[in-house]
>>> print(open('my_file_35.txt').read())   # compact mmCIF, C-alpha atoms
# COMPACT_ATOMS: atom_id res chain seq x y z
CA MET A 1 3.10 -37.31 4.68
CA SER A 2 4.86 -39.21 7.44
CA GLU A 3 5.38 -36.14 9.63
CA GLN A 4 1.59 -35.64 9.69
CA ARG A 5 0.58 -39.19 10.55
CA ASP A 6 0.04 -38.38 14.24
CA PHE A 7 -1.96 -35.24 13.47
CA ILE A 8 -5.60 -35.47 14.56
CA LYS A 9 -7.88 -32.71 13.32
CA THR A 10 -10.16 -32.35 16.35
CA THR A 11 -11.91 -29.37 14.79
CA GLU A 12 -13.38 -31.79 12.23
CA MET A 13 -14.40 -34.53 14.67
CA SER A 14 -18.09 -35.41 14.98
CA SER A 15 -20.12 -33.28 17.37
CA SER A 16 -20.88 -34.60 20.84
CA TYR A 17 -24.51 -33.73 20.12
CA ASN A 18 -26.89 -35.31 17.64
CA GLN A 19 -30.35 -34.72 16.17
CA LEU A 20 -29.90 -30.97 16.64
CA GLU A 21 -32.91 -30.29 14.42
CA THR A 22 -35.19 -31.89 17.04
CA LYS A 23 -34.09 -29.58 19.86
CA THR A 24 -35.94 -26.47 20.98
CA ILE A 25 -34.44 -23.00 20.65
CA GLY A 26 -33.76 -22.98 24.38
CA GLU A 27 -32.02 -26.33 24.25
CA LEU A 28 -29.85 -25.26 21.34
CA LEU A 29 -28.83 -22.02 23.03
CA LEU A 30 -28.01 -23.86 26.24
CA THR A 31 -25.92 -26.40 24.33
CA ILE A 32 -23.95 -23.75 22.45
CA ASN A 33 -23.39 -21.71 25.60
CA LYS A 34 -22.20 -24.79 27.49
CA GLU A 35 -19.58 -25.46 24.83
CA ASP A 36 -18.57 -21.81 24.63
CA GLN A 37 -17.75 -21.80 28.34
CA SER A 38 -14.93 -24.25 27.67
CA VAL A 39 -13.17 -21.94 25.23
CA ALA A 40 -11.58 -19.64 27.82
CA LEU A 41 -10.15 -22.67 29.62
CA SER A 42 -8.65 -23.90 26.36
CA VAL A 43 -7.05 -20.50 25.84
CA ALA A 44 -5.70 -20.56 29.39
CA ALA A 45 -3.99 -23.87 28.66
CA ALA A 46 -2.09 -22.15 25.83
CA LEU A 47 -0.96 -19.06 27.79
CA ASN A 48 2.73 -19.97 27.66
CA GLN A 49 2.57 -20.22 23.87
CA ILE A 50 0.61 -16.96 23.65
CA GLU A 51 3.21 -15.21 25.81
CA GLN A 52 6.08 -16.32 23.59
CA LEU A 53 4.22 -15.16 20.49
CA THR A 54 3.31 -11.83 22.07
CA ASN A 55 6.92 -11.22 23.13
CA ALA A 56 7.93 -11.61 19.49
CA VAL A 57 5.17 -9.23 18.38
CA VAL A 58 6.23 -6.56 20.88
CA ASP A 59 9.86 -6.89 19.82
CA THR A 60 8.88 -6.51 16.17
CA LEU A 61 6.74 -3.43 16.73
CA LYS A 62 9.25 -1.75 19.05
CA HIS A 63 11.89 -2.06 16.34
CA GLY A 64 9.69 -0.42 13.71
CA GLY A 65 8.39 -3.58 12.07
CA ARG A 66 4.82 -4.37 11.08
CA LEU A 67 2.54 -7.20 12.18
CA PHE A 68 0.69 -9.09 9.46
CA TYR A 69 -2.21 -11.48 9.98
CA ILE A 70 -2.94 -13.88 7.14
CA GLY A 71 -5.81 -16.35 6.93
CA ALA A 72 -8.74 -17.66 4.92
CA GLY A 73 -12.47 -17.55 5.60
CA THR A 74 -13.45 -16.90 9.21
CA SER A 75 -9.81 -16.90 10.32
CA GLY A 76 -8.90 -14.26 7.75
CA ARG A 77 -11.87 -12.11 8.71
CA LEU A 78 -10.95 -12.27 12.39
CA GLY A 79 -7.43 -11.09 11.61
CA ILE A 80 -8.79 -8.18 9.59
CA VAL A 81 -11.16 -7.21 12.41
CA ASP A 82 -8.35 -7.16 14.96
CA ALA A 83 -6.01 -5.23 12.68
CA SER A 84 -8.68 -2.66 11.78
CA GLU A 85 -9.44 -1.96 15.43
CA CYS A 86 -5.85 -1.10 16.42
CA PRO A 87 -5.75 2.42 14.90
CA THR A 88 -9.11 3.44 16.35
CA THR A 89 -8.45 1.98 19.80
CA PHE A 90 -4.78 2.82 20.23
CA GLY A 91 -4.11 5.60 17.71
CA VAL A 92 -1.40 3.68 15.85
CA PRO A 93 -0.79 4.03 12.09
CA HIS A 94 -3.07 1.96 9.84
CA ASP A 95 -0.09 0.10 8.43
CA MET A 96 1.28 -1.11 11.77
CA VAL A 97 -1.07 -4.12 11.98
CA ILE A 98 -2.35 -5.45 8.65
CA GLY A 99 -4.90 -8.18 7.98
CA ILE A 100 -4.82 -10.22 4.75
CA ILE A 101 -7.50 -12.69 3.64
CA ALA A 102 -7.36 -15.33 0.91
CA GLY A 103 -9.31 -14.08 -2.09
CA GLY A 104 -8.71 -10.41 -1.36
CA ASP A 105 -10.92 -7.84 0.34
CA GLY A 106 -13.99 -9.11 -1.50
CA ALA A 107 -13.71 -12.32 0.52
CA ILE A 108 -14.44 -10.37 3.70
CA ARG A 109 -18.13 -10.43 2.78
CA LYS A 110 -18.40 -13.25 0.26
CA ALA A 111 -16.39 -16.48 0.15
CA VAL A 112 -14.06 -16.86 -2.82
CA GLU A 113 -14.04 -20.46 -4.03
CA PHE A 114 -10.77 -22.36 -3.65
CA ALA A 115 -8.84 -19.24 -2.61
CA GLU A 116 -7.58 -21.00 0.50
CA ASP A 117 -6.17 -23.87 -1.56
CA ASP A 118 -3.62 -21.72 -3.40
CA THR A 119 -0.17 -22.45 -1.97
CA THR A 120 1.57 -19.44 -3.54
CA GLN A 121 -0.92 -16.58 -3.35
CA GLY A 122 -0.42 -15.96 0.36
CA TRP A 123 3.21 -15.06 -0.19
CA ASN A 124 2.29 -12.97 -3.24
CA ASP A 125 -0.19 -11.05 -1.10
CA LEU A 126 2.47 -10.41 1.54
CA LYS A 127 4.96 -9.26 -1.09
CA SER A 128 2.46 -6.67 -2.32
CA PHE A 129 3.09 -4.88 0.99
CA ASN A 130 6.87 -4.96 0.47
CA ILE A 131 7.27 -7.23 3.47
CA SER A 132 10.79 -7.52 4.88
CA SER A 133 12.72 -9.25 7.65
CA LYS A 134 11.80 -6.35 9.96
CA ASP A 135 8.17 -7.50 9.89
CA MET A 136 6.34 -10.44 11.44
CA VAL A 137 3.54 -12.67 10.13
CA ILE A 138 0.93 -14.60 12.12
CA GLY A 139 -0.95 -17.26 10.18
CA ILE A 140 -4.47 -17.93 11.43
CA ALA A 141 -6.14 -21.23 10.58
CA ALA A 142 -8.44 -23.20 12.83
CA SER A 143 -7.58 -26.46 11.08
CA GLY A 144 -3.88 -25.75 10.81
CA THR A 145 -3.94 -27.18 7.30
CA THR A 146 -4.89 -24.22 5.06
CA PRO A 147 -2.51 -24.28 2.04
CA TYR A 148 -2.77 -20.50 1.50
CA VAL A 149 -1.48 -19.85 5.03
CA ILE A 150 1.08 -22.65 5.20
CA GLY A 151 2.60 -21.61 1.88
CA ALA A 152 2.93 -18.02 3.09
CA LEU A 153 4.70 -19.04 6.31
CA GLN A 154 7.05 -21.39 4.45
CA GLU A 155 8.18 -18.46 2.32
CA CYS A 156 8.54 -16.29 5.43
CA LYS A 157 10.94 -18.86 6.82
CA LYS A 158 12.99 -18.80 3.61
CA ASN A 159 13.17 -15.00 3.81
CA GLN A 160 14.11 -14.74 7.51
CA ILE A 161 10.74 -13.26 8.46
CA VAL A 162 9.58 -14.20 11.97
CA SER A 163 6.29 -16.07 11.93
CA GLY A 164 3.70 -17.36 14.35
CA CYS A 165 0.35 -19.07 14.06
CA ILE A 166 -2.96 -19.49 15.85
CA THR A 167 -4.65 -22.82 15.31
CA CYS A 168 -7.11 -25.04 17.13
CA ASN A 169 -5.52 -28.41 16.45
CA GLN A 170 -2.40 -29.82 18.04
CA GLY A 171 0.60 -30.80 15.93
CA SER A 172 -0.76 -29.35 12.70
CA PRO A 173 1.31 -28.73 9.54
CA LEU A 174 0.92 -24.99 10.16
CA ALA A 175 2.33 -25.23 13.69
CA GLN A 176 5.29 -27.18 12.33
CA VAL A 177 6.29 -24.37 9.97
CA ALA A 178 5.63 -21.45 12.36
CA GLU A 179 8.37 -20.24 14.69
CA TYR A 180 5.86 -19.41 17.43
CA ALA A 181 2.83 -21.71 17.43
CA VAL A 182 -0.28 -21.13 19.52
CA GLU A 183 -2.48 -24.21 19.66
CA VAL A 184 -5.84 -23.71 21.39
CA VAL A 185 -7.52 -27.10 21.27
CA VAL A 186 -11.25 -26.50 21.68
CA GLY A 187 -12.46 -29.92 20.52
CA PRO A 188 -15.42 -30.75 18.25
CA GLU A 189 -17.94 -28.03 17.40
CA VAL A 190 -21.65 -28.29 18.22
CA VAL A 191 -22.25 -28.35 14.48
CA THR A 192 -19.60 -30.73 13.15
CA GLY A 193 -16.78 -28.87 11.43
CA SER A 194 -18.27 -25.39 11.91
CA SER A 195 -15.05 -23.78 13.14
CA ARG A 196 -16.63 -20.31 13.07
CA MET A 197 -18.00 -21.32 16.49
CA LYS A 198 -15.64 -22.35 19.32
CA ALA A 199 -12.52 -22.20 17.19
CA GLY A 200 -13.40 -18.72 15.95
CA THR A 201 -14.13 -17.54 19.47
CA ALA A 202 -10.78 -18.90 20.66
CA GLN A 203 -8.94 -17.16 17.83
CA LYS A 204 -10.66 -13.86 18.60
CA LEU A 205 -9.72 -14.14 22.28
CA VAL A 206 -6.08 -14.78 21.43
CA LEU A 207 -5.95 -11.91 18.93
CA ASN A 208 -7.42 -9.55 21.52
CA MET A 209 -4.80 -10.66 24.02
CA ILE A 210 -1.88 -10.24 21.63
CA THR A 211 -2.62 -6.75 20.34
CA THR A 212 -3.96 -5.35 23.61
CA THR A 213 -0.88 -6.53 25.49
CA ALA A 214 1.42 -5.32 22.73
CA MET A 215 -0.16 -1.87 22.64
CA ILE A 216 0.08 -1.54 26.42
CA GLN A 217 3.75 -2.49 26.18
CA MET A 218 4.13 0.12 23.45
CA GLY A 219 2.86 2.81 25.83
CA ARG A 220 -0.51 3.23 24.12
CA VAL A 221 -2.48 2.93 27.37
CA ARG A 222 -2.16 5.26 30.37
CA GLY A 223 -3.29 3.65 33.62
CA ASN A 224 -6.18 1.72 32.12
CA LYS A 225 -7.33 4.35 29.64
CA MET A 226 -7.21 4.43 25.82
CA VAL A 227 -5.60 7.86 25.76
CA ASP A 228 -4.52 7.57 22.11
CA MET A 229 -7.88 6.46 20.70
CA GLN A 230 -9.22 8.18 17.61
CA LEU A 231 -11.97 10.67 18.44
CA SER A 232 -14.16 9.50 15.57
CA ASN A 233 -17.62 10.02 17.10
CA TYR A 234 -19.40 11.92 19.89
CA LYS A 235 -19.35 8.90 22.21
CA LEU A 236 -15.57 8.74 22.08
CA ILE A 237 -15.23 12.50 22.46
CA ASP A 238 -17.39 12.32 25.59
CA ARG A 239 -15.27 9.42 26.87
CA GLY A 240 -12.14 11.46 26.23
CA ILE A 241 -13.50 14.41 28.19
CA LYS A 242 -14.28 12.13 31.14
CA MET A 243 -10.76 10.68 30.99
CA ILE A 244 -9.24 14.15 31.18
CA VAL A 245 -11.50 15.15 34.07
CA SER A 246 -10.63 11.97 35.96
CA GLU A 247 -6.90 12.39 35.36
CA THR A 248 -6.56 16.13 36.05
CA GLY A 249 -9.57 17.18 38.12
CA VAL A 250 -10.49 20.05 35.80
CA SER A 251 -14.08 20.82 34.85
CA ALA A 252 -15.75 19.13 31.91
CA GLU A 253 -15.79 22.47 30.09
CA THR A 254 -12.04 22.92 30.49
CA ALA A 255 -11.41 19.31 29.51
CA LYS A 256 -13.49 19.75 26.36
CA GLU A 257 -11.60 22.93 25.43
CA TYR A 258 -8.21 21.26 25.81
CA LEU A 259 -9.36 18.17 23.94
CA GLN A 260 -10.61 20.27 21.04
CA ASN A 261 -7.35 22.20 20.91
CA GLN A 262 -5.05 19.18 21.20
CA GLY A 263 -7.17 16.62 19.33
CA ASN A 264 -5.89 13.81 21.54
CA VAL A 265 -6.58 12.75 25.13
CA ARG A 266 -2.94 12.13 25.98
CA ASP A 267 -1.81 15.47 24.57
CA ALA A 268 -4.63 17.29 26.35
CA ILE A 269 -3.59 15.79 29.71
CA LEU A 270 0.07 16.65 29.12
CA LYS A 271 -0.80 20.23 28.09
CA LEU A 272 -2.99 20.68 31.17
CA SER A 273 -0.21 19.41 33.43
CA LYS A 274 2.28 21.75 31.77
CA ASP A 275 -0.04 24.74 32.06
CA GLU A 276 -0.69 24.04 35.75
CA LYS A 277 3.06 24.15 36.44
CA ASN A 278 3.52 27.50 34.69
>>> encode(input="my_file_35.txt", output="structure tokens")
Amino acid sequence: MSEQRDFIKTTEMSSSYNQLETKTIGELLLTINKEDQSVALSVAAALNQIEQLTNAVVDTLKHGGRLFYIGAGTSGRLGIVDASECPTTFGVPHDMVIGIIAGGDGAIRKAVEFAEDDTTQGWNDLKSFNISSKDMVIGIAASGTTPYVIGALQECKKNQIVSGCITCNQGSPLAQVAEYAVEVVVGPEVVTGSSRMKAGTAQKLVLNMITTTAMIQMGRVRGNKMVDMQLSNYKLIDRGIKMIVSETGVSAETAKEYLQNQGNVRDAILKLSKDEKN
């Protein structure tokens, strides 16, 4: 297509390194680490784009909408990881941030052949969640050419659903269809075309930035503490007790009692403050 003639897929370009099989373990690790160090700088170069996308996410969530991630392969898995961590970290409902992967949940562990090539299934998967114009969709695709993701965002546009994307190539077909495009250009991978490496790391960094910033803006962090985290294991319960002690100055025993009664760090702190005033 003529609009794609200037598009260069740098994620597929030949590696700057050759004869990898002849290198020692130490040499390989050093090489990979050297390339990984460039990823954060690539993300920094895209901060303005990330800010615009995050503003849209915050606006969506504050108005009661949901955030959907949609992707295939590594990109889809990364979206699911980020979405699944939001309830445990910030205490939000499980349906506030939703990750969808081409091929369904089974593709989280085992690749589903040709699932990413289906141009209509992405939208069908979104419709299964009764998606509406209140919601927002972020397509994740290192190449920026995944038909499953592009097709989904094209339908979002037709249905007045705000969309964004995270890709690692500049000027991709995906970026052209997304309203808010984030393009983190990391260059060729150490192993040619293996976008689970630098590209995947870049996508994970951006996803962390988006949801962490959004949840802070939503009031889900107090100071620098995860006061709404789910108390799903003893480690987190102990962390919660320490938060309460640090915030209120009460003993660990008192903090534990209030935490057990309230079931939430934020609520325990508020109850302690109220009791101290009475």
>>> closest_residue(input="my_file_35.txt", among="A:Asp228, A:Asp59, A:Glu113, A:Glu155", to="Ile269 in chain A", atoms="all atoms listed in the file")
A:Asp228
>>> closest_residue(input="my_file_35.txt", among="A:Tyr258, A:Gln203, A:Ala152, A:Val97", to="Glu85 in chain A", atoms="only C-alpha atoms")
A:Val97
>>> closest_atom_pairs(input="my_file_35.txt", of="range 200-221 of chain A", to="range 25-39 of chain A", cutoff="10 Å", atoms="all atoms listed in the file", output="JSON lines")
{"residue": "A:Gly200", "atom": "CA", "partner": "A:Val39", "partner_atom": "CA", "distance": 9.8}
{"residue": "A:Thr201", "atom": "CA", "partner": "A:Val39", "partner_atom": "CA", "distance": 7.3}
{"residue": "A:Ala202", "atom": "CA", "partner": "A:Val39", "partner_atom": "CA", "distance": 6.0}
{"residue": "A:Gln203", "atom": "CA", "partner": "A:Val39", "partner_atom": "CA", "distance": 9.8}
{"residue": "A:Leu205", "atom": "CA", "partner": "A:Val39", "partner_atom": "CA", "distance": 9.0}
>>> closest_residue(input="my_file_35.txt", among="A:Gly187, A:Asn55, A:Cys165, A:Arg239", to="Leu41 in chain A", atoms="all atoms listed in the file")
A:Gly187
>>> atom_distance(input="my_file_35.txt", atom1="CA of Lys198 in chain A", atom2="CA of Val43 in chain A")
10.9 Å
>>> atom_distance(input="my_file_35.txt", atom1="CA of Leu20 in chain A", atom2="CA of Ala45 in chain A")
29.4 Å
>>> atom_distance(input="my_file_35.txt", atom1="CA of Leu61 in chain A", atom2="CA of Leu207 in chain A")
15.4 Å
>>> closest_residue(input="my_file_35.txt", among="A:Ile166, A:Ile241, A:Leu78, A:Ala83", to="Ala181 in chain A", atoms="only C-alpha atoms")
A:Ile166
>>> residues_around(input="my_file_35.txt", residues="Glu183 in chain A", least_positions_apart="2", cutoff="8 Å", atoms="all atoms listed in the file", output="ChimeraX atom specification")
/A:46,49,166-170,175,181,185
>>> build_atoms(input="my_file_35.txt", residues="range 30-61 of chain A", atoms="N, CA and C atoms", output="PDB file, in the coordinates of the input")
ATOM      1  N   LEU A  30     -28.671 -23.319  25.058  1.00  0.00           N
ATOM      2  CA  LEU A  30     -28.010 -23.860  26.240  1.00  0.00           C
ATOM      3  C   LEU A  30     -26.815 -24.725  25.841  1.00  0.00           C
ATOM      4  N   THR A  31     -26.993 -25.530  24.808  1.00  0.00           N
ATOM      5  CA  THR A  31     -25.920 -26.400  24.330  1.00  0.00           C
ATOM      6  C   THR A  31     -24.732 -25.585  23.823  1.00  0.00           C
ATOM      7  N   ILE A  32     -25.023 -24.585  22.993  1.00  0.00           N
ATOM      8  CA  ILE A  32     -23.950 -23.750  22.450  1.00  0.00           C
ATOM      9  C   ILE A  32     -23.225 -23.004  23.565  1.00  0.00           C
ATOM     10  N   ASN A  33     -23.987 -22.454  24.489  1.00  0.00           N
ATOM     11  CA  ASN A  33     -23.390 -21.710  25.600  1.00  0.00           C
ATOM     12  C   ASN A  33     -22.518 -22.615  26.476  1.00  0.00           C
ATOM     13  N   LYS A  34     -22.983 -23.833  26.695  1.00  0.00           N
ATOM     14  CA  LYS A  34     -22.200 -24.790  27.490  1.00  0.00           C
ATOM     15  C   LYS A  34     -20.847 -25.044  26.842  1.00  0.00           C
ATOM     16  N   GLU A  35     -20.839 -25.223  25.525  1.00  0.00           N
ATOM     17  CA  GLU A  35     -19.580 -25.460  24.830  1.00  0.00           C
ATOM     18  C   GLU A  35     -18.709 -24.216  24.814  1.00  0.00           C
ATOM     19  N   ASP A  36     -19.335 -23.052  24.658  1.00  0.00           N
ATOM     20  CA  ASP A  36     -18.570 -21.810  24.630  1.00  0.00           C
ATOM     21  C   ASP A  36     -17.815 -21.565  25.937  1.00  0.00           C
ATOM     22  N   GLN A  37     -18.387 -22.020  27.036  1.00  0.00           N
ATOM     23  CA  GLN A  37     -17.750 -21.800  28.340  1.00  0.00           C
ATOM     24  C   GLN A  37     -16.407 -22.521  28.447  1.00  0.00           C
ATOM     25  N   SER A  38     -16.198 -23.514  27.621  1.00  0.00           N
ATOM     26  CA  SER A  38     -14.930 -24.250  27.670  1.00  0.00           C
ATOM     27  C   SER A  38     -13.814 -23.548  26.921  1.00  0.00           C
ATOM     28  N   VAL A  39     -14.165 -22.562  26.091  1.00  0.00           N
ATOM     29  CA  VAL A  39     -13.170 -21.940  25.230  1.00  0.00           C
ATOM     30  C   VAL A  39     -12.109 -21.189  26.033  1.00  0.00           C
ATOM     31  N   ALA A  40     -12.534 -20.416  27.021  1.00  0.00           N
ATOM     32  CA  ALA A  40     -11.580 -19.640  27.820  1.00  0.00           C
ATOM     33  C   ALA A  40     -10.581 -20.552  28.534  1.00  0.00           C
ATOM     34  N   LEU A  41     -11.045 -21.719  28.968  1.00  0.00           N
ATOM     35  CA  LEU A  41     -10.150 -22.670  29.620  1.00  0.00           C
ATOM     36  C   LEU A  41      -9.134 -23.224  28.629  1.00  0.00           C
ATOM     37  N   SER A  42      -9.572 -23.434  27.405  1.00  0.00           N
ATOM     38  CA  SER A  42      -8.650 -23.900  26.360  1.00  0.00           C
ATOM     39  C   SER A  42      -7.596 -22.843  26.065  1.00  0.00           C
ATOM     40  N   VAL A  43      -8.001 -21.584  26.044  1.00  0.00           N
ATOM     41  CA  VAL A  43      -7.050 -20.500  25.840  1.00  0.00           C
ATOM     42  C   VAL A  43      -6.066 -20.429  27.004  1.00  0.00           C
ATOM     43  N   ALA A  44      -6.570 -20.598  28.209  1.00  0.00           N
ATOM     44  CA  ALA A  44      -5.700 -20.560  29.390  1.00  0.00           C
ATOM     45  C   ALA A  44      -4.613 -21.630  29.318  1.00  0.00           C
ATOM     46  N   ALA A  45      -4.966 -22.777  28.771  1.00  0.00           N
ATOM     47  CA  ALA A  45      -3.990 -23.870  28.660  1.00  0.00           C
ATOM     48  C   ALA A  45      -2.871 -23.529  27.682  1.00  0.00           C
ATOM     49  N   ALA A  46      -3.094 -22.532  26.834  1.00  0.00           N
ATOM     50  CA  ALA A  46      -2.090 -22.150  25.830  1.00  0.00           C
ATOM     51  C   ALA A  46      -1.379 -20.841  26.182  1.00  0.00           C
ATOM     52  N   LEU A  47      -1.505 -20.373  27.418  1.00  0.00           N
ATOM     53  CA  LEU A  47      -0.960 -19.060  27.790  1.00  0.00           C
ATOM     54  C   LEU A  47       0.551 -18.964  27.584  1.00  0.00           C
ATOM     55  N   ASN A  48       1.278 -20.015  27.861  1.00  0.00           N
ATOM     56  CA  ASN A  48       2.730 -19.970  27.660  1.00  0.00           C
ATOM     57  C   ASN A  48       3.069 -19.744  26.186  1.00  0.00           C
ATOM     58  N   GLN A  49       2.348 -20.419  25.308  1.00  0.00           N
ATOM     59  CA  GLN A  49       2.570 -20.220  23.870  1.00  0.00           C
ATOM     60  C   GLN A  49       2.191 -18.803  23.456  1.00  0.00           C
ATOM     61  N   ILE A  50       1.073 -18.317  23.987  1.00  0.00           N
ATOM     62  CA  ILE A  50       0.610 -16.960  23.650  1.00  0.00           C
ATOM     63  C   ILE A  50       1.627 -15.927  24.127  1.00  0.00           C
ATOM     64  N   GLU A  51       2.206 -16.148  25.287  1.00  0.00           N
ATOM     65  CA  GLU A  51       3.210 -15.210  25.810  1.00  0.00           C
ATOM     66  C   GLU A  51       4.436 -15.150  24.915  1.00  0.00           C
ATOM     67  N   GLN A  52       4.907 -16.303  24.472  1.00  0.00           N
ATOM     68  CA  GLN A  52       6.080 -16.320  23.590  1.00  0.00           C
ATOM     69  C   GLN A  52       5.790 -15.595  22.279  1.00  0.00           C
ATOM     70  N   LEU A  53       4.601 -15.827  21.721  1.00  0.00           N
ATOM     71  CA  LEU A  53       4.220 -15.160  20.490  1.00  0.00           C
ATOM     72  C   LEU A  53       4.106 -13.652  20.695  1.00  0.00           C
ATOM     73  N   THR A  54       3.496 -13.257  21.793  1.00  0.00           N
ATOM     74  CA  THR A  54       3.310 -11.830  22.070  1.00  0.00           C
ATOM     75  C   THR A  54       4.649 -11.134  22.302  1.00  0.00           C
ATOM     76  N   ASN A  55       5.577 -11.793  22.962  1.00  0.00           N
ATOM     77  CA  ASN A  55       6.920 -11.220  23.130  1.00  0.00           C
ATOM     78  C   ASN A  55       7.543 -10.910  21.781  1.00  0.00           C
ATOM     79  N   ALA A  56       7.374 -11.816  20.831  1.00  0.00           N
ATOM     80  CA  ALA A  56       7.930 -11.610  19.490  1.00  0.00           C
ATOM     81  C   ALA A  56       7.237 -10.448  18.786  1.00  0.00           C
ATOM     82  N   VAL A  57       5.920 -10.339  18.973  1.00  0.00           N
ATOM     83  CA  VAL A  57       5.170  -9.230  18.380  1.00  0.00           C
ATOM     84  C   VAL A  57       5.656  -7.894  18.931  1.00  0.00           C
ATOM     85  N   VAL A  58       5.779  -7.801  20.243  1.00  0.00           N
ATOM     86  CA  VAL A  58       6.230  -6.560  20.880  1.00  0.00           C
ATOM     87  C   VAL A  58       7.620  -6.183  20.388  1.00  0.00           C
ATOM     88  N   ASP A  59       8.502  -7.158  20.299  1.00  0.00           N
ATOM     89  CA  ASP A  59       9.860  -6.890  19.820  1.00  0.00           C
ATOM     90  C   ASP A  59       9.838  -6.361  18.393  1.00  0.00           C
ATOM     91  N   THR A  60       8.999  -6.953  17.560  1.00  0.00           N
ATOM     92  CA  THR A  60       8.880  -6.510  16.170  1.00  0.00           C
ATOM     93  C   THR A  60       8.391  -5.069  16.088  1.00  0.00           C
ATOM     94  N   LEU A  61       7.326  -4.768  16.800  1.00  0.00           N
ATOM     95  CA  LEU A  61       6.740  -3.430  16.730  1.00  0.00           C
ATOM     96  C   LEU A  61       7.662  -2.374  17.335  1.00  0.00           C
TER      97      LEU A  61
END
